[in-house]
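Please read the structure below before turning to the comments.
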Amino acid sequence: MNETPGDIVEVYSAADLTEAYFLRDLLTNAGIEARVVGDTLTGMLPPGNETAPRVWVFSSDEPRARELLAEYERVHLRPHPDEDQPAESWLCPTCGEDVETDLDLCWNCQTPRKPY
Ligand SMILES: [Zn+2]
C-alpha cells in the first residue's frame, strides 16, 4: 500500500508548547521536517480547545521520528524512583539483614521494625 509522500502523521502529544517546539527542533536537527499542530498562538485551534499541542511529521519520516522521541522520553521522562521501585524490604538495625516488608519483626533476630 503506497502512501502519499505528503501525508503527515502525529508522532507526539506534547505536554505544552515549550515541549512541542523543543521536540520539533530536536527532529529538525536530525533532518526530519516536523511541525507543531495545536499552537494556539497561530490560531490553529478553535477558541476554548484545550487539546495539547501535537508534533507531526511526514509519514515517510515517522519510524525515525518515533525512535528519536522514544529516546527523548527515556532521557527526560523517567518515572519517579519512588513509584518505580516500591520498598520490598527493610534493613534490620540490629543484625543488618534484609527483611520483607510484610514482616514486622526481623526474621533473624526478632528486632521489631522501626520507622525511619
Ligand atoms: Zn535482625
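Each chain in the C-alpha cells gets a letter, A, B and so on, in the order shown; residues start at 1 in every chain, and ligands are counted from 1 in the order they appear.
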Taking only C-alpha atoms and all ligand atoms into account, which residues are within 7 Å of ligand 1, as a CSV table (one decimal) with N, CA and C atoms, in the first residue's frame?
```csv
chain,number,residue,atom,x,y,z
A,92,CYS,N,17.3,-4.5,58.9
A,92,CYS,CA,17.3,-4.7,60.3
A,92,CYS,C,18.4,-3.8,61.0
A,93,PRO,N,18.1,-3.0,61.9
A,93,PRO,CA,19.1,-2.1,62.5
A,93,PRO,C,20.0,-2.9,63.4
A,94,THR,N,19.6,-4.1,63.9
A,94,THR,CA,20.4,-4.8,64.8
A,94,THR,C,21.4,-5.7,64.1
A,95,CYS,N,20.9,-6.5,63.1
A,95,CYS,CA,21.8,-7.5,62.5
A,95,CYS,C,22.1,-7.2,61.1
A,96,GLY,N,21.4,-6.2,60.5
A,96,GLY,CA,21.7,-5.8,59.2
A,96,GLY,C,21.1,-6.6,58.1
A,97,GLU,N,20.2,-7.6,58.4
A,97,GLU,CA,19.6,-8.4,57.4
A,97,GLU,C,18.5,-7.7,56.7
A,106,CYS,N,12.3,-8.8,62.6
A,106,CYS,CA,13.4,-9.3,61.8
A,106,CYS,C,13.3,-10.9,61.9
A,107,TRP,N,13.4,-11.5,60.8
A,107,TRP,CA,13.3,-13.0,60.8
A,107,TRP,C,14.5,-13.6,61.4
A,108,ASN,N,15.6,-12.8,61.5
A,108,ASN,CA,16.9,-13.3,62.0
A,108,ASN,C,17.0,-13.2,63.5
A,109,CYS,N,16.7,-11.9,64.0
A,109,CYS,CA,17.0,-11.7,65.4
A,109,CYS,C,15.7,-11.1,66.2
A,110,GLN,N,14.6,-11.1,65.5
A,110,GLN,CA,13.3,-10.7,66.1
A,110,GLN,C,13.3,-9.2,66.5
A,111,THR,N,14.2,-8.4,66.0
A,111,THR,CA,14.1,-7.0,66.3
A,111,THR,C,12.9,-6.4,65.6
```
Of the candidates A:His76, A:Thr28, A:Lys114, A:Leu68, which one gets nearest to A:Trp90 if we count only C-alpha atoms? A:Lys114
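Those residues that approach A:Glu19 to within 12 Å, counting only C-alpha atoms, are Tyr12, Ser13, Ala14, Ala15, Leu23, Arg24, Asp25, Leu26, Val36, Asp39, Ala52, Pro53, Arg54, Val55, Leu69, Tyr72, Glu73, His76 and Leu77 of chain A; same-chain residues fewer than 4 positions away are not listed.
Of note, atom CA of A:Ala20 and atom CA of A:Trp56 are spaced 9.8 Å apart.
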